[in-house]
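*Asks:* So here's coords_31.txt, just compact mmCIF, C-alpha atoms and all ligand atoms:
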```txt
# COMPACT_ATOMS: atom_id res chain seq x y z
CA MET A 264 124.88 114.65 90.97
CA LEU A 265 123.99 118.28 91.24
CA GLY A 266 125.92 120.65 89.03
CA SER A 267 128.12 118.10 87.34
CA PRO A 268 128.60 118.82 83.65
CA GLY A 269 126.70 116.77 81.14
CA SER A 270 123.20 115.42 81.14
CA GLU A 271 122.65 114.84 84.88
CA PRO A 272 119.32 116.37 85.93
CA LEU A 273 119.59 119.45 88.07
CA ARG A 274 118.26 119.12 91.62
CA THR A 275 116.10 122.18 92.05
CA GLN A 276 115.54 122.08 95.82
CA GLY A 277 117.14 125.23 97.15
CA PHE A 278 119.20 125.77 94.02
CA PRO A 279 121.96 126.92 93.94
CA GLU A 280 122.95 126.37 97.61
CA PHE A 281 123.94 122.76 97.02
CA LEU A 282 125.74 123.33 93.76
CA ASP A 283 128.81 121.10 93.60
CA VAL A 284 131.40 123.61 92.43
CA ASP A 285 134.27 121.12 92.88
CA ALA A 286 132.57 118.70 90.51
CA LEU A 287 132.13 121.47 87.97
CA LEU A 288 135.80 122.40 88.21
CA ALA A 289 136.84 118.76 87.94
CA GLY A 290 134.70 118.50 84.80
CA GLY A 291 136.62 121.34 83.15
CA TRP A 292 134.34 124.29 83.90
CA LYS A 293 136.22 127.51 84.67
CA PRO A 294 134.93 130.73 86.23
CA LEU A 295 135.28 133.96 84.28
CA ALA A 296 136.80 136.95 86.03
CA PHE A 297 134.55 139.82 87.05
CA GLN A 298 134.57 142.64 84.56
CA GLN A 299 131.92 144.94 86.04
CA PHE A 300 132.23 146.31 89.58
CA ILE A 301 129.25 147.98 91.23
CA LEU A 302 130.25 150.20 94.12
CA LYS A 303 127.47 151.20 96.47
CA ILE A 304 129.06 154.39 97.71
CA HIS A 305 125.96 155.57 99.60
CA SER A 306 123.27 153.33 101.06
CA ARG A 307 120.41 155.82 101.38
CA CYS A 308 118.28 157.69 98.88
CA ASP A 309 116.73 161.15 98.67
CA LEU A 310 113.64 159.72 96.97
CA ALA A 311 111.20 157.19 98.43
CA CYS A 312 110.14 155.40 95.25
CA ARG A 313 107.32 152.98 95.86
CA HIS A 314 108.70 150.34 93.50
CA CYS A 315 112.30 150.40 94.77
CA TYR A 316 113.69 146.88 95.24
CA VAL A 317 116.43 148.11 97.60
CA TYR A 318 114.15 149.59 100.26
CA GLU A 319 110.64 148.30 99.60
CA MET A 320 111.12 144.56 99.00
CA ALA A 321 112.20 141.45 100.90
CA ASP A 322 115.80 142.31 101.79
CA GLN A 323 116.12 145.08 104.39
CA SER A 324 119.88 144.92 104.88
CA TRP A 325 120.25 148.59 103.90
CA ARG A 326 119.15 149.41 107.44
CA GLU A 327 122.42 148.00 108.83
CA GLN A 328 124.66 149.65 106.26
CA PRO A 329 126.65 152.81 107.01
CA ARG A 330 125.15 155.72 105.13
CA ARG A 331 128.32 156.54 103.19
CA MET A 332 131.23 154.35 102.21
CA ALA A 333 134.18 155.16 104.51
CA ASP A 334 137.36 156.38 102.83
CA ALA A 335 139.29 153.36 104.13
CA ILE A 336 136.71 150.97 102.61
CA ALA A 337 136.74 152.89 99.33
CA ASP A 338 140.54 152.65 99.20
CA ARG A 339 140.47 148.91 99.89
CA ALA A 340 137.76 148.42 97.25
CA VAL A 341 139.98 150.20 94.75
CA GLU A 342 142.90 147.90 95.66
CA ARG A 343 140.75 144.78 95.35
CA ILE A 344 139.47 145.83 91.93
CA ALA A 345 142.98 146.62 90.69
CA GLU A 346 144.26 143.33 92.12
CA HIS A 347 141.52 141.44 90.26
CA ALA A 348 142.11 143.31 86.99
CA THR A 349 145.84 142.64 87.17
CA ARG A 350 145.51 138.98 88.16
CA HIS A 351 143.19 138.30 85.25
CA ASP A 352 144.93 140.64 82.81
CA LEU A 353 141.68 142.46 82.03
CA ALA A 354 141.85 144.80 79.05
CA GLU A 355 138.76 146.73 80.14
CA ILE A 356 136.69 147.10 83.32
CA ASP A 357 133.46 148.93 84.11
CA ILE A 358 133.00 150.74 87.41
CA ILE A 359 129.38 151.56 88.22
CA LEU A 360 128.86 154.08 91.02
CA HIS A 361 125.59 153.13 92.62
CA GLY A 362 123.54 153.42 95.78
CA GLY A 363 120.99 154.19 97.25
CA GLU A 364 121.63 157.46 95.52
CA PRO A 365 125.34 157.78 94.71
CA LEU A 366 125.33 161.61 94.45
CA LEU A 367 124.62 161.70 98.20
CA ALA A 368 128.17 160.38 98.70
CA GLY A 369 129.55 163.78 97.65
CA PRO A 370 132.15 164.85 95.09
CA GLU A 371 135.20 164.04 97.27
CA LEU A 372 134.38 160.35 97.61
CA ILE A 373 133.45 160.04 93.94
CA SER A 374 136.78 161.62 92.92
CA ARG A 375 138.68 159.47 95.40
CA VAL A 376 137.23 156.23 94.00
CA VAL A 377 137.53 157.12 90.33
CA CYS A 378 141.04 158.58 90.51
CA GLY A 379 142.01 155.70 92.81
CA VAL A 380 140.95 152.98 90.38
CA ARG A 381 142.50 154.71 87.37
CA GLY A 382 145.73 155.13 89.28
CA ALA A 383 145.80 151.60 90.65
CA VAL A 384 145.12 149.48 87.57
CA ASP A 385 147.80 148.57 85.06
CA THR A 386 148.21 150.96 82.17
CA GLY A 387 146.88 148.27 79.85
CA THR A 388 143.46 148.22 81.52
CA ARG A 389 140.85 150.67 80.27
CA VAL A 390 138.53 151.90 83.06
CA ASN A 391 135.00 152.96 82.06
CA VAL A 392 133.07 154.73 84.81
CA ASN A 393 129.33 155.19 84.93
CA ILE A 394 127.13 156.65 87.64
CA GLN A 395 123.46 155.66 87.97
CA THR A 396 121.48 158.48 89.56
CA ASN A 397 117.86 159.42 90.21
CA GLY A 398 118.82 162.86 88.85
CA VAL A 399 117.56 164.87 91.81
CA ARG A 400 120.97 166.38 92.65
CA LEU A 401 122.50 166.43 89.20
CA ASP A 402 123.64 170.05 89.15
CA GLU A 403 126.23 171.92 87.09
CA ALA A 404 128.98 171.31 89.67
CA TYR A 405 128.50 167.55 89.42
CA LEU A 406 128.43 167.71 85.64
CA ARG A 407 131.73 169.60 85.60
CA LEU A 408 133.20 166.99 87.93
CA PHE A 409 131.97 164.16 85.70
CA GLU A 410 133.40 165.97 82.69
CA SER A 411 136.82 166.17 84.34
CA LEU A 412 136.72 162.54 85.51
CA GLU A 413 135.14 161.13 82.33
CA ILE A 414 132.18 159.67 84.18
CA ARG A 415 129.15 158.79 82.08
CA VAL A 416 125.73 159.35 83.60
CA GLY A 417 122.61 157.17 83.55
CA VAL A 418 119.39 158.67 84.90
CA SER A 419 116.26 156.87 86.10
CA LEU A 420 113.03 158.24 84.63
CA ASP A 421 109.75 156.38 84.21
CA GLY A 422 108.24 158.56 81.46
CA ASP A 423 106.03 161.63 81.58
CA ALA A 424 104.91 163.38 84.78
CA GLU A 425 102.11 160.90 85.40
CA GLY A 426 104.39 157.88 84.91
CA GLN A 427 107.34 159.26 86.87
CA ASP A 428 105.33 160.58 89.80
CA ARG A 429 103.30 157.42 90.17
CA HIS A 430 106.24 155.87 92.03
CA ARG A 431 109.28 158.15 92.04
CA ARG A 432 108.33 160.53 94.83
CA PHE A 433 109.97 162.23 97.77
CA ALA A 434 109.19 160.93 101.25
CA ASP A 435 106.64 163.76 101.69
CA GLY A 436 104.73 162.60 98.62
CA ARG A 437 105.90 165.27 96.14
CA GLY A 438 106.63 164.00 92.66
CA SER A 439 110.14 164.23 91.23
CA HIS A 440 109.35 164.65 87.53
CA ALA A 441 109.86 168.42 87.32
CA LEU A 442 113.20 168.32 89.15
CA VAL A 443 114.55 165.29 87.29
CA SER A 444 113.48 166.77 83.94
CA GLU A 445 115.39 169.94 84.78
CA SER A 446 118.49 167.88 85.57
CA LEU A 447 118.11 165.91 82.36
CA ARG A 448 117.90 169.13 80.34
CA ARG A 449 121.07 170.33 82.09
CA LEU A 450 122.78 167.09 81.13
CA THR A 451 121.49 166.80 77.59
CA ALA A 452 120.91 170.29 76.18
CA GLY A 453 124.42 171.68 76.60
CA PRO A 454 128.04 170.66 76.31
CA HIS A 455 127.69 167.67 78.62
CA HIS A 456 125.44 165.60 76.37
CA HIS A 457 128.28 163.22 75.49
CA LEU A 458 128.35 162.12 79.17
CA PHE A 459 124.77 160.85 78.93
CA SER A 460 124.72 157.04 78.86
CA GLY A 461 120.94 156.64 78.87
CA ILE A 462 117.67 156.34 80.74
CA LEU A 463 116.56 153.53 82.98
CA CYS A 464 112.76 153.22 82.93
CA THR A 465 110.87 150.79 85.17
CA ILE A 466 107.71 149.62 83.45
CA ASP A 467 104.30 150.21 84.94
CA VAL A 468 101.73 148.79 82.55
CA ARG A 469 99.21 151.41 83.67
CA ASN A 470 101.35 154.05 81.91
CA ASP A 471 100.63 154.40 78.21
CA PRO A 472 103.66 152.81 76.46
CA VAL A 473 103.75 155.16 73.48
CA ARG A 474 103.41 158.25 75.64
CA THR A 475 106.11 156.89 77.94
CA TYR A 476 108.50 156.23 75.06
CA LYS A 477 107.91 159.68 73.52
CA ALA A 478 108.46 161.35 76.89
CA LEU A 479 111.84 159.61 77.22
CA LEU A 480 112.83 160.47 73.64
CA GLU A 481 112.44 164.17 74.46
CA PHE A 482 115.79 163.94 76.24
CA ASP A 483 117.55 162.39 73.24
CA PRO A 484 118.92 159.42 75.21
CA PRO A 485 121.59 157.31 73.50
CA ALA A 486 119.96 154.25 75.10
CA ILE A 487 116.90 153.26 77.11
CA ASP A 488 116.68 150.30 79.47
CA PHE A 489 113.08 149.25 80.00
CA LEU A 490 113.12 147.24 83.21
CA LEU A 491 110.53 144.70 84.25
CA PRO A 492 109.56 145.40 87.87
CA HIS A 493 111.15 142.81 90.11
CA GLY A 494 109.05 139.97 91.38
CA ASN A 495 109.08 136.19 91.67
CA TRP A 496 106.81 133.19 92.11
CA ALA A 497 106.07 134.06 95.76
CA SER A 498 105.80 137.83 95.33
CA PRO A 499 104.65 138.33 91.76
CA PRO A 500 105.14 141.67 90.03
CA PRO A 501 102.11 143.95 89.65
CA PHE A 502 99.54 142.68 87.12
CA ARG A 503 101.48 139.42 86.57
CA GLU A 504 99.53 136.48 87.87
CA PRO A 505 101.72 133.36 88.30
CA GLY A 506 101.05 130.85 85.55
CA SER A 507 98.56 133.09 83.73
CA PRO A 508 98.85 133.05 79.92
CA ALA A 509 98.15 136.81 79.85
CA THR A 510 101.11 138.87 78.64
CA PRO A 511 100.61 142.45 79.85
CA TYR A 512 104.32 143.29 79.82
CA ALA A 513 104.98 141.87 76.36
CA ASP A 514 101.90 143.67 75.02
CA TRP A 515 103.20 146.92 76.53
CA LEU A 516 106.70 146.50 75.13
CA ILE A 517 105.55 145.39 71.67
CA GLN A 518 103.81 148.73 71.13
CA ILE A 519 107.16 150.45 71.66
CA PHE A 520 109.07 147.85 69.65
CA ASP A 521 106.92 148.53 66.57
CA ILE A 522 107.59 152.27 66.70
CA TRP A 523 111.30 151.77 67.34
CA TYR A 524 111.77 149.06 64.72
CA ASP A 525 109.75 150.87 62.04
CA SER A 526 111.46 154.20 62.52
CA PRO A 527 113.45 155.15 59.37
CA VAL A 528 116.25 156.49 61.58
CA LEU A 529 117.49 154.96 64.83
CA GLN A 530 115.76 157.01 67.55
CA THR A 531 117.75 155.46 70.39
CA GLU A 532 119.07 152.08 71.43
CA ILE A 533 116.56 150.03 73.40
CA ARG A 534 118.79 147.50 75.09
CA LEU A 535 116.19 144.79 75.67
CA PHE A 536 115.11 144.77 72.00
CA ARG A 537 118.66 145.01 70.68
CA GLU A 538 119.84 142.16 72.90
CA ILE A 539 116.95 139.94 71.80
CA MET A 540 117.77 140.67 68.15
CA ARG A 541 121.47 139.96 68.72
CA LEU A 542 120.66 136.69 70.47
CA LEU A 543 118.31 135.67 67.66
CA MET A 544 121.23 136.20 65.25
CA GLY A 545 123.46 133.97 67.39
CA SER A 546 125.50 136.70 69.12
CA PRO A 547 126.08 136.48 72.87
CA SER A 548 124.01 138.53 75.27
CA ARG A 549 125.53 141.64 76.85
CA SER A 550 122.87 141.92 79.55
CA GLU A 551 122.06 139.98 82.69
CA ASN A 552 118.35 140.37 81.89
CA ILE A 553 118.22 138.03 78.93
CA GLY A 554 120.28 135.25 77.33
CA LEU A 555 122.72 132.71 78.67
CA SER A 556 125.98 134.66 78.79
CA PRO A 557 127.94 134.34 82.03
CA VAL A 558 127.28 137.21 84.42
CA ARG A 559 130.60 138.92 85.20
CA MET A 560 129.43 141.48 87.73
CA VAL A 561 130.09 141.83 91.46
CA VAL A 562 128.82 144.33 94.02
CA ILE A 563 130.84 145.96 96.79
CA ASP A 564 128.38 147.23 99.37
CA THR A 565 128.78 150.41 101.41
CA ASP A 566 130.37 148.55 104.36
CA GLY A 567 132.78 146.61 102.11
CA SER A 568 130.77 143.38 101.87
CA ILE A 569 131.18 141.51 98.61
CA GLU A 570 127.71 140.82 97.26
CA GLN A 571 125.78 139.46 94.33
CA SER A 572 123.41 141.48 92.19
CA ASP A 573 121.18 143.96 94.00
CA THR A 574 118.19 142.61 92.14
CA LEU A 575 118.23 139.63 94.52
CA LYS A 576 117.01 141.97 97.25
CA SER A 577 113.57 141.40 95.75
CA THR A 578 113.63 137.68 96.69
CA TYR A 579 114.40 137.15 100.40
CA HIS A 580 116.27 138.86 103.20
CA GLY A 581 120.01 138.21 102.87
CA ALA A 582 119.79 136.85 99.31
CA PRO A 583 122.64 138.97 97.85
CA GLU A 584 125.09 138.00 100.65
CA THR A 585 128.28 136.02 99.99
CA ARG A 586 129.72 136.44 103.52
CA LEU A 587 132.91 137.70 101.91
CA HIS A 588 134.42 141.12 102.67
CA ILE A 589 137.03 143.18 100.88
CA LEU A 590 139.08 143.60 104.09
CA ARG A 591 139.56 139.80 104.24
CA ASP A 592 138.90 138.42 100.80
CA PRO A 593 140.18 139.02 97.30
CA LEU A 594 137.38 139.23 94.74
CA ASP A 595 138.61 135.91 93.32
CA ASN A 596 137.06 134.19 96.36
CA ALA A 597 133.61 135.21 95.14
CA LEU A 598 134.17 133.54 91.77
CA LEU A 599 133.61 130.12 93.34
CA HIS A 600 130.59 131.08 95.43
CA PRO A 601 127.73 128.75 94.32
CA ALA A 602 125.33 131.61 93.66
CA ILE A 603 127.84 133.37 91.43
CA VAL A 604 128.84 130.11 89.73
CA ALA A 605 125.15 129.48 88.98
CA ARG A 606 125.10 132.66 86.93
CA GLN A 607 128.13 131.65 84.88
CA MET A 608 127.14 128.08 83.97
CA GLY A 609 124.57 128.92 81.29
CA GLU A 610 121.85 126.43 80.44
CA ARG A 611 122.92 123.98 83.15
CA ALA A 612 121.54 126.36 85.81
CA LEU A 613 118.07 126.41 84.27
CA SER A 614 114.92 124.50 85.13
CA PRO A 615 113.96 121.45 83.03
CA THR A 616 111.12 123.57 81.60
CA CYS A 617 113.52 126.21 80.34
CA ARG A 618 116.01 123.65 79.04
CA GLY A 619 113.20 122.13 76.97
CA CYS A 620 111.98 125.50 75.68
CA ASP A 621 112.41 126.43 71.99
CA LEU A 622 113.48 129.94 72.98
CA VAL A 623 116.00 129.02 75.66
CA SER A 624 119.07 130.26 73.80
CA THR A 625 117.50 133.71 73.48
CA CYS A 626 115.55 133.96 76.71
CA GLY A 627 117.99 132.18 78.99
CA GLY A 628 115.28 131.76 81.63
CA GLY A 629 114.96 135.55 82.01
CA GLN A 630 116.36 137.64 84.85
CA TYR A 631 117.79 135.43 87.61
CA ALA A 632 115.84 137.10 90.46
CA HIS A 633 112.57 136.60 88.58
CA ARG A 634 113.03 132.80 88.72
CA TYR A 635 112.89 132.59 92.49
CA ASN A 636 110.45 130.26 94.20
CA PRO A 637 110.89 129.78 97.98
CA ALA A 638 110.13 126.05 97.58
CA THR A 639 112.83 125.33 95.02
CA GLY A 640 115.23 128.26 94.74
CA PHE A 641 116.31 129.80 91.46
CA ALA A 642 115.87 126.87 89.07
CA GLU A 643 112.43 127.85 87.81
CA PRO A 644 111.28 129.61 84.66
CA SER A 645 110.94 133.36 85.00
CA ILE A 646 107.73 134.65 86.58
CA TYR A 647 107.63 136.61 83.28
CA CYS A 648 107.82 133.40 81.20
CA ALA A 649 104.63 134.05 79.22
CA ASP A 650 105.65 137.66 78.52
CA LEU A 651 109.17 136.69 77.46
CA PHE A 652 107.88 133.94 75.18
CA ARG A 653 105.48 136.34 73.48
CA LEU A 654 107.95 139.23 73.17
CA ILE A 655 110.78 137.10 71.79
CA GLY A 656 108.39 135.30 69.42
CA TYR A 657 107.04 138.60 68.17
CA ILE A 658 110.49 140.15 67.57
CA SER A 659 111.69 136.96 65.93
CA ALA A 660 108.71 136.86 63.56
CA ARG A 661 109.14 140.50 62.56
CA CYS A 662 112.87 140.07 61.89
CA GLU A 663 112.32 136.84 59.96
CA ARG A 664 109.71 138.49 57.73
CA ASP A 665 112.16 141.26 56.89
CA VAL A 666 115.01 138.88 56.20
CA ALA A 667 112.74 136.80 53.90
CA ARG A 668 111.62 139.97 52.09
CA LEU A 669 115.22 141.13 51.59
CA ARG A 670 116.20 137.68 50.29
CA GLY A 671 113.21 137.76 47.90
CA ALA A 672 114.19 141.24 46.71
CA GLY A 673 117.79 140.08 46.10
S1 LIG A 701 110.37 131.54 77.67
FE1 LIG A 701 109.91 130.66 79.70
S2 LIG A 701 110.40 128.47 79.52
FE2 LIG A 701 111.37 129.53 77.77
S3 LIG A 701 113.46 129.93 78.52
FE3 LIG A 701 112.20 131.75 78.95
S4 LIG A 701 111.47 131.51 81.06
FE4 LIG A 701 112.20 129.50 80.34
```
Show me the file's structure as structure tokens.

*Replies:*
Amino acid sequence: MLGSPGSEPLRTQGFPEFLDVDALLAGGWKPLAFQQFILKIHSRCDLACRHCYVYEMADQSWREQPRRMADAIADRAVERIAEHATRHDLAEIDIILHGGEPLLAGPELISRVVCGVRGAVDTGTRVNVNIQTNGVRLDEAYLRLFESLEIRVGVSLDGDAEGQDRHRRFADGRGSHALVSESLRRLTAGPHHHLFSGILCTIDVRNDPVRTYKALLEFDPPAIDFLLPHGNWASPPPFREPGSPATPYADWLIQIFDIWYDSPVLQTEIRLFREIMRLLMGSPSRSENIGLSPVRMVVIDTDGSIEQSDTLKSTYHGAPETRLHILRDPLDNALLHPAIVARQMGERALSPTCRGCDLVSTCGGGQYAHRYNPATGFAEPSIYCADLFRLIGYISARCERDVARLRGAG
């Protein structure tokens, strides 16, 4: 029977639509409360990046969204989040202000949401707020606002001018590197540096990895997220041929790993590498991109729809939908949605190939959206399987050599 705990084989046709959540519950499985809330406060963007999964891939639902989250929806979202935090007695929650481009929503709405959540949750719940911006509008006025509201800022940058302007352009074709670099200097060179949470860099294997890494380090980021471009078995990512043993993305990342790992001082955190190393040591993953930890994140879209991860927009039209809405439904209702359950049930949601893989406890089948195959659903290995296997194997071998050397020296 599909989804029942134990050794029953997983039926992969259309997974996870037919997941038997009742059977899971009867078998003792319990959902974990959401801890991270992504609020899409504006649905449009002031850039027209060619690799954007929100606008340029399978799901086109942004076209039906209001441009800006209405105040009444924002207020209800705040109530739903506080209700969830209270019901589950959460000690800490993360609010991620997202879009489109969230700075287009304007300072009033940002203040309304952040002050609203902090005022609505119990005093025992810590509220961390982060905004993920393309950096185009990150001026001094916004930085002062973020200072006063304790909002940390993540900026998307793909490397040097060549790397950034390959994809991250305005609708008229102009590159954004100069403007975003100016914003990053404003954020990092002065008194606001402590607000900087890091850089999100989408990989393009045509960009030189070392030059890309050095260009990002110029802004002294506390962390870098290198993101694999979204793709799946039907729409593979660039330069990733389905089933090919070639590993262009692992080869690209390994060049950066060697510099980062061999540096005598920690230059920055690289989340993907750190998470792989933590997983190899037996610690749980803190990222939805790797490992088997339950995903505890939910999205509230601009119109108030309760949705799954945005990354699913790269798979098929309507993929992130739950058909739940904050005006009708508490966030608890989403906890039993099959697609959300599938991301909290660990190894049991994986394909037989992944479950038989030596690296499954570290890899976890890779990013959920990258497993999609229209014929079977999400119970497939990642389209990046070969790259993940090589990258994890490489990091593991390097760490093991060092541990053996230290033991020998002791
Ligand atoms: S390396 Fe491939 S087979 Fe192994 S867990 Fe990851 S995606 Fe699955």

*Asks:* Would you mind listing the residues within 7 Å of ligand LIG 701 (chain A), counting all atoms listed in the file, as a PyMOL selection string?

*Replies:* chain A and resi 616-618+620-623+626-629+644-645+647-649+651-652

*Asks:* Include C-alpha atoms and write out the residues we just selected as a PDB file, in the frame of the given file.

*Replies:*
```
ATOM      1  CA  THR A 616     111.120 123.570  81.600  1.00  0.00           C
ATOM      2  CA  CYS A 617     113.520 126.210  80.340  1.00  0.00           C
ATOM      3  CA  ARG A 618     116.010 123.650  79.040  1.00  0.00           C
ATOM      4  CA  CYS A 620     111.980 125.500  75.680  1.00  0.00           C
ATOM      5  CA  ASP A 621     112.410 126.430  71.990  1.00  0.00           C
ATOM      6  CA  LEU A 622     113.480 129.940  72.980  1.00  0.00           C
ATOM      7  CA  VAL A 623     116.000 129.020  75.660  1.00  0.00           C
ATOM      8  CA  CYS A 626     115.550 133.960  76.710  1.00  0.00           C
ATOM      9  CA  GLY A 627     117.990 132.180  78.990  1.00  0.00           C
ATOM     10  CA  GLY A 628     115.280 131.760  81.630  1.00  0.00           C
ATOM     11  CA  GLY A 629     114.960 135.550  82.010  1.00  0.00           C
ATOM     12  CA  PRO A 644     111.280 129.610  84.660  1.00  0.00           C
ATOM     13  CA  SER A 645     110.940 133.360  85.000  1.00  0.00           C
ATOM     14  CA  TYR A 647     107.630 136.610  83.280  1.00  0.00           C
ATOM     15  CA  CYS A 648     107.820 133.400  81.200  1.00  0.00           C
ATOM     16  CA  ALA A 649     104.630 134.050  79.220  1.00  0.00           C
ATOM     17  CA  LEU A 651     109.170 136.690  77.460  1.00  0.00           C
ATOM     18  CA  PHE A 652     107.880 133.940  75.180  1.00  0.00           C
TER      19      PHE A 652
END
```

*Asks:* Please, what distance in Å, to one decimal, runs between atom CA of Ile517 of chain A and atom CA of Leu654 of chain A?

*Replies:*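 Atom-to-atom, atom CA of Ile517 of chain A to atom CA of Leu654 of chain A, that is 6.8 Å.
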
*Asks:* Which of these, A:Leu669, A:Ala642, A:Val384, A:Ala333, has the shortest distance to Gly277 of chain A once you count all atoms listed in the file?

*Replies:*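 Under the stated criterion, the closest residue is A:Ala642.
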
*Asks:* For a cut-off of 10 Å around (131.0, 148.8, 85.0), file coordinates, pick out all residues using all atoms listed in the file and list them as a short mmCIF file (atom, residue, chain, number, x, y, z; two decimals) with C-alpha atoms, in the frame of the given file.

*Replies:*
```
data_model
loop_
_atom_site.label_atom_id
_atom_site.label_comp_id
_atom_site.auth_asym_id
_atom_site.auth_seq_id
_atom_site.Cartn_x
_atom_site.Cartn_y
_atom_site.Cartn_z
CA PHE A 297 134.55 139.82 87.05
CA GLN A 298 134.57 142.64 84.56
CA GLN A 299 131.92 144.94 86.04
CA PHE A 300 132.23 146.31 89.58
CA ILE A 301 129.25 147.98 91.23
CA LEU A 302 130.25 150.20 94.12
CA GLU A 355 138.76 146.73 80.14
CA ILE A 356 136.69 147.10 83.32
CA ASP A 357 133.46 148.93 84.11
CA ILE A 358 133.00 150.74 87.41
CA ILE A 359 129.38 151.56 88.22
CA LEU A 360 128.86 154.08 91.02
CA VAL A 390 138.53 151.90 83.06
CA ASN A 391 135.00 152.96 82.06
CA VAL A 392 133.07 154.73 84.81
CA ASN A 393 129.33 155.19 84.93
CA ILE A 394 127.13 156.65 87.64
CA ARG A 559 130.60 138.92 85.20
CA MET A 560 129.43 141.48 87.73
CA VAL A 561 130.09 141.83 91.46
#
```

*Asks:* Go through A:Val317, A:Val380, A:Cys464, A:Ala509 and flag the residue nearest Arg343 of chain A, using all atoms listed in the file for the distances.

*Replies:*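 Smallest separation from Arg343 of chain A among the options: A:Val380.
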
*Asks:* Quick one: residues within 8 Å of segment 497-506 of chain A, all atoms listed in the file, excluding same-chain residues fewer than 5 positions away - as a PDB file with C-alpha atoms, keeping the file's coordinate frame?

*Replies:*
```
ATOM      1  CA  VAL A 468     101.730 148.790  82.550  1.00  0.00           C
ATOM      2  CA  PRO A 492     109.560 145.400  87.870  1.00  0.00           C
ATOM      3  CA  PRO A 511     100.610 142.450  79.850  1.00  0.00           C
ATOM      4  CA  THR A 578     113.630 137.680  96.690  1.00  0.00           C
ATOM      5  CA  TYR A 635     112.890 132.590  92.490  1.00  0.00           C
ATOM      6  CA  ASN A 636     110.450 130.260  94.200  1.00  0.00           C
ATOM      7  CA  PRO A 637     110.890 129.780  97.980  1.00  0.00           C
ATOM      8  CA  ILE A 646     107.730 134.650  86.580  1.00  0.00           C
ATOM      9  CA  TYR A 647     107.630 136.610  83.280  1.00  0.00           C
ATOM     10  CA  ALA A 649     104.630 134.050  79.220  1.00  0.00           C
TER      11      ALA A 649
END
```

*Asks:* Restrict the calculation to all atoms listed in the file, then for each residue of segment 422-537 of chain A with any atom at most 8 Å from an atom of segment 309-312 of chain A give the closest atom pair and their distance in Å to one decimal, rows by chain and rising residue number, as a Markdown table.

*Replies:*
```
| residue | atom | partner | partner_atom | distance |
| --- | --- | --- | --- | --- |
| A:His430 | CA | A:Cys312 | CA | 5.1 |
| A:Arg431 | CA | A:Cys312 | CA | 4.3 |
| A:Arg432 | CA | A:Cys312 | CA | 5.5 |
| A:Phe433 | CA | A:Leu310 | CA | 4.5 |
| A:Ala434 | CA | A:Ala311 | CA | 5.1 |
```

*Asks:* Would you save the residues of that selection, restricted to C-alpha atoms, as a PDB file, in the coordinates of the input?

*Replies:*
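Saved result, part-v4.pdb, follows:
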```pdb
ATOM      1  CA  HIS A 430     106.240 155.870  92.030  1.00  0.00           C
ATOM      2  CA  ARG A 431     109.280 158.150  92.040  1.00  0.00           C
ATOM      3  CA  ARG A 432     108.330 160.530  94.830  1.00  0.00           C
ATOM      4  CA  PHE A 433     109.970 162.230  97.770  1.00  0.00           C
ATOM      5  CA  ALA A 434     109.190 160.930 101.250  1.00  0.00           C
TER       6      ALA A 434
END
```

*Asks:* With distances taken over all atoms listed in the file, which of A:Gly494, A:Gly567, A:Gly453, A:Gly422 is nearest to Cys315 of chain A?

*Replies:*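 The answer is A:Gly494, which sits nearest to Cys315 of chain A.
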